[in-house]
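> Take a look at the following structure, please.
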Amino acid sequence: MTDAAAERKMRLLFALRSHGVTDAAVLRAIEAVDRGLFVTGLFAERAYEDMPLPIACGQTISQPSVVGLMTEALAVGPRDKVLEIGTGSGYQAAVLAHLARRVYTLDRHRRLVREAEERFRALDLTNITALAADGTRGLPEQAPFDRILVTAAAEDPPAPLLAQLREGGIMVLPVGQSDAVQSLIKVTRTPSGYDYEELRPVRFVPLVEGLGQE
Ligand code: SAH
């Protein structure tokens, strides 16, 4: 590793720790995924800063510290089957792939799915399946899931996603109006229903029903 690359990595890890991400496995997973491969074009040089950045189709790659906090809240285990809604660049899915047995990730934009798949192939991440689909319906043919992570904001947790969560499973998602501050919520499925815990304010692009134009 060059000195510059080592310094960038240290700065990123420092940002994660100062936002309260402390789980060693999560930090290792984030360290293992080069965010520079997920940001192209004008903003590529800012890939190692702790900020969200624009990607294709008018979407954004999340801030690394938010990826860290969401991944930590999801408490992924090595045997887990995880569903992510909102592939975007594929960065969050790649981080999850280092922690889980299998990751399914859905995006409503075919172009984002195609580009993310190329990155997964380049990184030799063979335990991720990316699909162009409306994530508000989940992925019934692979349900139930141990963990579900939604990286776009809904007004309420979509009912199909709640239904596709295994008992004892955890779902983390931002809820709230798309143009206001949203709350990151952790939902745990119990034998008798669902427990809800509010984690922190966040800001995500909206979860939109139906497939996108490209
Ligand atoms: N996790 C991504 C960032 C997600 S940005 C990353 O690591 O880069 C939010 C994504 O959610 C966008 O790509 C958007 O197209 C997608 N999205 C919004 N509504 C959706 C829906 N109903 N189904 C699937 N994806 C959706």
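Order determines the names: the first chain of the structure tokens is A, the second B, and so forth; residues in each chain are numbered 1 upward, and ligands are numbered 1 upward as they are shown.
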Give me the residues of chain A that have any atom at most 6 Å from an atom of ligand 1; for each, the nearest atom pair and the distance in Å, rounded to one decimal. Use only C-alpha atoms and all ligand atoms, sort by chain and number, and format it as CSV.


residue,atom,partner,partner_atom_place_in_ligand_line,distance
A:Gln59,CA,ligand 1,12 (C),5.1
A:Thr60,CA,ligand 1,5 (S),4.8
A:Ile61,CA,ligand 1,8 (O),3.7
A:Ser62,CA,ligand 1,3 (C),5.3
A:Ile85,CA,ligand 1,24 (C),5.3
A:Gly86,CA,ligand 1,11 (O),3.3
A:Thr87,CA,ligand 1,1 (N),4.8
A:Gly88,CA,ligand 1,13 (O),3.4
A:Ser89,CA,ligand 1,8 (O),3.8
A:Gly90,CA,ligand 1,7 (O),4.9
A:Tyr91,CA,ligand 1,7 (O),3.9
A:Gln92,CA,ligand 1,7 (O),3.8
A:Leu106,CA,ligand 1,24 (C),5.1
A:Asp107,CA,ligand 1,25 (N),3.4
A:Arg108,CA,ligand 1,24 (C),4.2
A:His109,CA,ligand 1,15 (O),5.3
A:Ala133,CA,ligand 1,24 (C),5.9
A:Asp134,CA,ligand 1,23 (N),3.8
A:Gly135,CA,ligand 1,23 (N),3.4
A:Thr136,CA,ligand 1,22 (N),4.8
A:Thr151,CA,ligand 1,4 (C),5.0
A:Ala152,CA,ligand 1,9 (C),4.6
A:Val205,CA,ligand 1,9 (C),5.7
A:Pro206,CA,ligand 1,18 (C),5.9
A:Leu207,CA,ligand 1,19 (N),3.5
A:Val208,CA,ligand 1,19 (N),3.9
A:Glu209,CA,ligand 1,22 (N),4.3
A:Gly210,CA,ligand 1,22 (N),5.9

> Using N, CA, C and O atoms, can you write the selected residues to a file as a CSV table (one decimal), in the first residue's frame?


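What landed in result-v3.csv:
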chain,number,residue,atom,x,y,z
A,59,GLN,N,-28.9,9.2,-7.9
A,59,GLN,CA,-28.9,8.6,-6.6
A,59,GLN,C,-27.6,8.9,-5.9
A,59,GLN,O,-26.8,9.7,-6.4
A,60,THR,N,-27.4,8.4,-4.7
A,60,THR,CA,-26.2,8.7,-3.9
A,60,THR,C,-25.6,7.4,-3.3
A,60,THR,O,-26.3,6.5,-2.9
A,61,ILE,N,-24.3,7.4,-3.1
A,61,ILE,CA,-23.6,6.4,-2.3
A,61,ILE,C,-23.6,7.0,-0.9
A,61,ILE,O,-23.3,8.2,-0.7
A,62,SER,N,-24.0,6.2,0.1
A,62,SER,CA,-24.1,6.7,1.4
A,62,SER,C,-22.7,7.1,2.0
A,62,SER,O,-21.7,6.6,1.5
A,85,ILE,N,-32.2,-3.5,0.1
A,85,ILE,CA,-33.1,-2.7,-0.8
A,85,ILE,C,-32.3,-1.4,-1.1
A,85,ILE,O,-32.1,-0.7,-0.2
A,86,GLY,N,-32.0,-1.2,-2.4
A,86,GLY,CA,-31.3,0.0,-2.8
A,86,GLY,C,-29.8,-0.3,-3.0
A,86,GLY,O,-28.9,0.1,-2.3
A,87,THR,N,-29.5,-1.0,-4.1
A,87,THR,CA,-28.1,-1.4,-4.5
A,87,THR,C,-27.2,-0.2,-4.7
A,87,THR,O,-26.1,-0.2,-4.2
A,88,GLY,N,-27.8,0.8,-5.4
A,88,GLY,CA,-27.0,2.0,-5.7
A,88,GLY,C,-25.7,1.6,-6.3
A,88,GLY,O,-25.6,0.9,-7.4
A,89,SER,N,-24.6,2.1,-5.7
A,89,SER,CA,-23.2,1.8,-6.3
A,89,SER,C,-22.8,0.3,-6.0
A,89,SER,O,-21.9,-0.2,-6.6
A,90,GLY,N,-23.5,-0.3,-5.0
A,90,GLY,CA,-23.1,-1.7,-4.6
A,90,GLY,C,-22.1,-1.7,-3.4
A,90,GLY,O,-21.8,-2.7,-2.9
A,91,TYR,N,-21.8,-0.5,-2.9
A,91,TYR,CA,-20.8,-0.4,-1.8
A,91,TYR,C,-21.3,-1.1,-0.5
A,91,TYR,O,-20.6,-1.9,0.0
A,92,GLN,N,-22.5,-0.7,-0.1
A,92,GLN,CA,-23.0,-1.3,1.1
A,92,GLN,C,-23.2,-2.9,0.9
A,92,GLN,O,-22.9,-3.6,1.9
A,106,LEU,N,-31.4,-5.4,-4.3
A,106,LEU,CA,-32.3,-5.0,-5.3
A,106,LEU,C,-32.2,-3.5,-5.6
A,106,LEU,O,-32.1,-2.7,-4.6
A,107,ASP,N,-32.3,-3.1,-6.8
A,107,ASP,CA,-32.5,-1.7,-7.2
A,107,ASP,C,-33.5,-1.6,-8.3
A,107,ASP,O,-33.6,-2.4,-9.1
A,108,ARG,N,-34.2,-0.4,-8.3
A,108,ARG,CA,-35.2,-0.2,-9.3
A,108,ARG,C,-34.6,0.3,-10.6
A,108,ARG,O,-35.2,0.4,-11.6
A,109,HIS,N,-33.3,0.7,-10.6
A,109,HIS,CA,-32.6,1.1,-11.8
A,109,HIS,C,-31.7,0.0,-12.3
A,109,HIS,O,-30.7,-0.4,-11.7
A,133,ALA,N,-35.3,-4.8,-9.5
A,133,ALA,CA,-36.7,-5.1,-9.1
A,133,ALA,C,-37.2,-4.0,-8.1
A,133,ALA,O,-36.3,-3.3,-7.6
A,134,ASP,N,-38.5,-4.0,-7.9
A,134,ASP,CA,-39.1,-3.0,-7.0
A,134,ASP,C,-38.9,-3.6,-5.6
A,134,ASP,O,-39.6,-4.5,-5.2
A,135,GLY,N,-38.0,-3.0,-4.8
A,135,GLY,CA,-37.7,-3.5,-3.5
A,135,GLY,C,-38.8,-3.4,-2.5
A,135,GLY,O,-38.8,-4.0,-1.4
A,136,THR,N,-39.8,-2.6,-2.8
A,136,THR,CA,-40.9,-2.4,-1.8
A,136,THR,C,-41.7,-3.7,-1.7
A,136,THR,O,-42.4,-4.0,-0.7
A,151,THR,N,-31.8,1.0,2.1
A,151,THR,CA,-31.0,2.2,2.1
A,151,THR,C,-31.6,3.3,1.3
A,151,THR,O,-31.0,4.1,0.7
A,152,ALA,N,-33.0,3.3,1.3
A,152,ALA,CA,-33.8,4.4,0.8
A,152,ALA,C,-34.9,4.6,1.8
A,152,ALA,O,-35.4,3.7,2.4
A,205,VAL,N,-32.2,9.2,0.1
A,205,VAL,CA,-33.1,9.4,-1.1
A,205,VAL,C,-34.3,8.5,-0.8
A,205,VAL,O,-34.3,7.6,-0.1
A,206,PRO,N,-35.5,8.9,-1.5
A,206,PRO,CA,-36.7,8.2,-1.2
A,206,PRO,C,-36.8,6.8,-1.8
A,206,PRO,O,-36.2,6.5,-2.9
A,207,LEU,N,-37.5,5.9,-1.2
A,207,LEU,CA,-37.9,4.6,-1.7
A,207,LEU,C,-39.0,4.9,-2.7
A,207,LEU,O,-40.0,5.5,-2.2
A,208,VAL,N,-38.9,4.5,-3.9
A,208,VAL,CA,-39.9,4.9,-4.9
A,208,VAL,C,-40.4,3.6,-5.5
A,208,VAL,O,-39.6,2.7,-5.8
A,209,GLU,N,-41.8,3.4,-5.6
A,209,GLU,CA,-42.3,2.2,-6.1
A,209,GLU,C,-42.1,2.0,-7.6
A,209,GLU,O,-42.1,3.0,-8.3
A,210,GLY,N,-42.0,0.8,-8.1
A,210,GLY,CA,-41.9,0.5,-9.5
A,210,GLY,C,-40.5,0.6,-10.0
A,210,GLY,O,-39.6,1.1,-9.4

> Using DSSP on the backbone, list every residue of chain A that comes out as alpha helix (DSSP H), and give them as a VMD selection string.

chain A and resid 3 to 18 24 to 32 64 to 74 91 to 97 110 to 122 159 to 163

> One decimal, in Å: what's the spacing between CA of Gln182 in chain A and CA of Leu162 in chain A?

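These atoms are spaced 18.9 Å apart.
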
> Where in range 101-155 of chain A does DSSP assign strand (DSSP E or B), given as a PyMOL selection string?

chain A and resi 102-107+128-132+145-150+153-154

> Name the closest residue to Ala100 in chain A among the candidates A:Asp146, A:Asp179, A:Asp124, A:Glu115; distances are taken between atoms, counting only C-alpha atoms.

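Of A:Asp146, A:Asp179, A:Asp124, A:Glu115, the one nearest Ala100 in chain A is A:Asp146, counting only C-alpha atoms.
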
> I'd like the contact shell of Glu84 in chain A - 7 Å cut-off, only C-alpha atoms, skipping same-chain residues fewer than 2 positions apart - returned as number ranges by chain.

A: 82, 86-87, 93, 104-106, 148-150

> Do you know which residues are at most 12 Å from Thr40 in chain A counting only C-alpha atoms, after dropping those on the same chain fewer than 4 positions away, and could you put them as a ChimeraX atom specification?

/A:35-36,44-47,53-56,60-61,89,115-116,119

> Those residues with C-alpha atoms, as a JSON list (two decimals), in the first residue's frame please?


[["chain", "number", "residue", "atom", "x", "y", "z"],
["A", 35, "ARG", "CA", -14.78, 2.79, -1.82],
["A", 36, "GLY", "CA", -12.74, 4.29, -4.66],
["A", 44, "ALA", "CA", -13.97, 9.98, -7.64],
["A", 45, "GLU", "CA", -11.28, 11.93, -5.82],
["A", 46, "ARG", "CA", -13.58, 12.41, -2.82],
["A", 47, "ALA", "CA", -14.29, 8.69, -2.46],
["A", 53, "LEU", "CA", -21.58, 11.38, -3.07],
["A", 54, "PRO", "CA", -23.65, 11.46, -6.28],
["A", 55, "ILE", "CA", -23.78, 8.32, -8.43],
["A", 56, "ALA", "CA", -25.67, 7.56, -11.69],
["A", 60, "THR", "CA", -26.19, 8.69, -3.91],
["A", 61, "ILE", "CA", -23.64, 6.40, -2.33],
["A", 89, "SER", "CA", -23.25, 1.76, -6.29],
["A", 115, "GLU", "CA", -22.68, -1.51, -12.87],
["A", 116, "ALA", "CA", -22.71, -2.92, -9.34],
["A", 119, "ARG", "CA", -17.82, -4.31, -9.43]]

> Which of these residues is nearest to Phe38 in chain A, using only C-alpha atoms: A:Asp80, A:Glu118, A:Glu72, A:Asp3?

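Ranking A:Asp80, A:Glu118, A:Glu72, A:Asp3 by distance to Phe38 in chain A, first place goes to A:Glu118.
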